[in-house]
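Trainee: Please see the structure below; I have some questions.
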Amino acid sequence: MPYEIDSKFVIAVASSALFDLSESDKVFREHGEEEYRNYQRKHENEVFSTGVAFPLIKRLLSINTPEEQVVEVVLLSRNDPDTGQRVFKSIEEYGLAISRAVFVAGSNPFQYMDAFNASLFLSGNPKDVKEAVERGFPAGCIYPTDYIDNEDDIELRLAFDFDGVIADDSAESIFQSGQLEGFHTHEKQLADEPLPGGPLIRFFTEISKLQKREIIKNQNNPRYKPKIRIAIVTARNAPAHERVITTLREQDIRVDEAFFLGGVEKLRVLNIYKPHIFFDDQFGHIEGVARMFPSVHVPFGVTNN
């Protein structure tokens, strides 16, 4: 019987997002592929330090139980199987239940996302991520961070910008033109019309389904604490907030917290929410948050042209 990957919640992650590969990448850049291969073989049994996406991946996999294996993480790597051996040894050392991988030896790994039913691709390679998004794949590029994970905190908190991430950039285009009053008028007139989906709408929808499973488990067993918490963190404010709510209702998606900031710095609320991952389409917003919390840039739409 084939493995039913279509019934799973699947994330594709590059080794550059899961682990800190800065040292080995430096060897590759400065000395070339052959020296890089020798370096990886020599250090094969040395475990990589955790990377930006590690807190997200670890908590997603913790949702699985022996009875229900609903989450699948697939490694998509630009390495070949030889140089990728160290990555798998590190995965094993950290006790991550990741057993499926694609090694493409320098090619674009994201092209195999559909084969694994992946709703998101995370990588530290900006070129790969940009090309993936341009070709319609849901993808994001991790940013360096100084974040130290709290191992005792089992909850997974995700934070999403709205325009250019969950929704498309049709409204964002008006806002970026500098017509703030026109933007509010436009969004008020279309308050009852949901916005088209953005680059991460499928991932957002799938994570919402996982959250609903957690809520049902809590309803059946009040001692069980749901592990997933979702927040919207947007520069929109009233009256433009109404269209966000309309869009979420159309998708039948519940969020636990929503911040309509109207230009207030996002880090001010994220310092309290403490996300394990934050998605935004604007470099300016990412740079203010990334050092404090794991952050992902989604290179989509008018703000990235």
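Ordered as shown in the structure tokens, chains take letters A, B, and onward, while each chain numbers its residues from 1 and ligands are numbered from 1 in the order shown.
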I'd like a table as CSV: residues in segment 107-185 of chain A with an atom no more than 12 Å from segment 79-92 of chain A, each row giving the shortest atom pair and its distance in Å to one decimal, only C-alpha atoms counted, sorted by chain and rising residue number.

Mentor:
```
residue,atom,partner,partner_atom,distance
A:Ser107,CA,A:Asn79,CA,8.8
A:Asn108,CA,A:Asn79,CA,10.5
A:Pro109,CA,A:Asn79,CA,9.6
```

Trainee: Enumerate, as JSON, numbers by chain, the complete set of residues in segment 175-277 of chain A that a backbone-based DSSP assignment places in helix (DSSP H, G or I).

Mentor: {"A": [175, 176, 180, 181, 182, 183, 184, 185, 186, 187, 188, 189, 201, 202, 203, 204, 205, 206, 207, 208, 209, 210, 211, 212, 213, 214, 215, 216, 217, 218, 219, 220, 241, 242, 243, 244, 245, 246, 247, 248, 249, 250, 251, 267, 268, 269, 270, 271, 272, 273]}

Trainee: Just the strand (DSSP E or B) stuff from segment 149-275 of chain A, please, per backbone DSSP, written as a PyMOL selection string.

Mentor: chain A and resi 156-160+163+167+197+228-234+257-260

Trainee: For the contact check between segment 30-103 of chain A and segment 117-134 of chain A, emit one row per residue of segment 30-103 of chain A within 12 Å, containing the shortest atom pair and the distance in Å rounded to one decimal, counting only C-alpha atoms, chain then rising number order, as CSV.

Mentor:
```
residue,atom,partner,partner_atom,distance
A:Gly51,CA,A:Gly124,CA,9.6
A:Val52,CA,A:Gly124,CA,9.0
A:Ala53,CA,A:Leu122,CA,7.7
A:Phe54,CA,A:Leu122,CA,10.8
A:Leu56,CA,A:Leu122,CA,10.8
A:Ile57,CA,A:Leu122,CA,10.5
A:Val71,CA,A:Ala118,CA,10.6
A:Glu72,CA,A:Ala118,CA,8.8
A:Val73,CA,A:Ala118,CA,8.5
A:Val74,CA,A:Ala118,CA,8.2
A:Leu75,CA,A:Phe121,CA,9.5
A:Leu76,CA,A:Phe121,CA,8.5
A:Ser77,CA,A:Ser123,CA,9.2
A:Arg78,CA,A:Asn125,CA,9.9
```

Trainee: Can you tell me which residues surround Val233 of chain A at a distance of at most 6 Å, considering only C-alpha atoms, apart from same-chain residues fewer than 3 positions away, and format the answer as a count of residues only?

Mentor: 3

Trainee: Leaving out segment 262-266 of chain A and any residue of its chain fewer than 5 positions from it, which residues lie within 9 Å of it when counting only C-alpha atoms, given as a list in words?

Mentor: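 Listing them by chain and then by number gives Val233, Thr234, Ala235, Arg236, Asn237, Ala238, Asn271, His285, Gly288 and Val289 of chain A.
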
Trainee: Store the residues of this selection in a file with C-alpha atoms, as a PDB file, in the first residue's frame.

Mentor:
```
ATOM      1  CA  VAL A 233      -0.448  41.099  13.088  1.00  0.00           C
ATOM      2  CA  THR A 234      -1.315  43.738  10.498  1.00  0.00           C
ATOM      3  CA  ALA A 235      -0.678  47.423   9.842  1.00  0.00           C
ATOM      4  CA  ARG A 236      -4.383  47.765   9.038  1.00  0.00           C
ATOM      5  CA  ASN A 237      -6.647  49.559  11.484  1.00  0.00           C
ATOM      6  CA  ALA A 238     -10.325  50.543  11.517  1.00  0.00           C
ATOM      7  CA  ASN A 271       7.272  40.921  22.495  1.00  0.00           C
ATOM      8  CA  HIS A 285       8.868  44.549   9.443  1.00  0.00           C
ATOM      9  CA  GLY A 288      12.561  44.734  13.459  1.00  0.00           C
ATOM     10  CA  VAL A 289      11.478  41.328  14.731  1.00  0.00           C
TER      11      VAL A 289
END
```

Trainee: Which one of A:Ile215, A:Ala290, A:Ala159, A:Val244 sits closest to Ala231 of chain A if you count only C-alpha atoms?

Mentor: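 The closest residue to Ala231 of chain A is A:Ala159.
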
Trainee: Can you work out which one of A:Lys42, A:His276, A:Lys26, A:Arg249 has the shortest atom-to-atom distance to Arg229 of chain A, counting only C-alpha atoms?

Mentor: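 When distances to Arg229 of chain A are compared using only C-alpha atoms, the smallest one comes from A:His276.
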
Trainee: Quick one: residues within 6 Å of segment 196-205 of chain A, only C-alpha atoms, excluding same-chain residues fewer than 2 positions away - as a list of chain:residue names?

Mentor: A:Ser119, A:Leu120, A:Pro138, A:Gly164, A:Val165, A:Ile166, A:Ala167, A:Asp168, A:Ile207, A:Ser208

Trainee: Using only C-alpha atoms, which of A:Thr303, A:Thr247, A:Thr185, A:Ser295 sits nearest Gly140 of chain A?

Mentor: A:Ser295

Trainee: Report, in Å to a single decimal, how far apart atom CA of Lys209 of chain A and atom CA of Ile253 of chain A are.

Mentor: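 Between atom CA of Ile253 of chain A and atom CA of Lys209 of chain A the gap works out to 8.3 Å.
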
Trainee: Residues at most 7 Å from Ala191 of chain A, counting only C-alpha atoms, excluding those fewer than 4 positions away in the same chain, as number ranges by chain?

Mentor: A: 187, 242-243, 246

Trainee: For the residues selected in the previous step, produce a file with N, CA, C and O atoms as a compact mmCIF listing (two decimals), in the first residue's frame.

Mentor:
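What landed in again18.txt:
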```
# COMPACT_ATOMS: atom_id res chain seq x y z
N GLU A 187 -11.35 50.03 1.16
CA GLU A 187 -11.56 48.84 1.98
C GLU A 187 -12.90 48.89 2.70
O GLU A 187 -13.53 47.85 2.92
N GLU A 242 -12.30 45.48 8.87
CA GLU A 242 -13.49 44.68 8.58
C GLU A 242 -13.25 43.66 7.48
O GLU A 242 -13.75 42.54 7.53
N ARG A 243 -12.45 44.04 6.50
CA ARG A 243 -12.22 43.12 5.37
C ARG A 243 -11.37 41.92 5.80
O ARG A 243 -11.48 40.84 5.22
N THR A 246 -13.94 39.61 7.32
CA THR A 246 -14.73 39.01 6.24
C THR A 246 -13.97 37.88 5.55
O THR A 246 -14.53 36.81 5.28
```

Trainee: Of the residues A:Ser170, A:Asn305, A:Asn150, A:Ser62, which is the one nearest to Pro275 of chain A, using only C-alpha atoms?

Mentor: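 Smallest distance to Pro275 of chain A is found for A:Asn150.
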
Trainee: Could you name the residues that touch Tyr147 of chain A at 8 Å or less, counting only C-alpha atoms, but leaving out those on the same chain fewer than 6 positions away, as a list in words?

Mentor: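 Answer for this query is Arg291, Met292, Phe293 and Pro294 of chain A.
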
Trainee: Output N, CA and C atoms for every residue in the selection just made, as a CSV table (one decimal), in the first residue's frame.

Mentor:
```
chain,number,residue,atom,x,y,z
A,291,ARG,N,15.6,39.3,15.0
A,291,ARG,CA,16.6,39.0,16.0
A,291,ARG,C,16.0,38.5,17.3
A,292,MET,N,14.8,38.9,17.6
A,292,MET,CA,14.1,38.6,18.8
A,292,MET,C,13.3,37.3,18.7
A,293,PHE,N,12.7,37.0,17.5
A,293,PHE,CA,11.9,35.8,17.3
A,293,PHE,C,12.1,35.3,15.9
A,294,PRO,N,11.9,33.9,15.8
A,294,PRO,CA,12.1,33.3,14.4
A,294,PRO,C,11.2,34.0,13.4
```
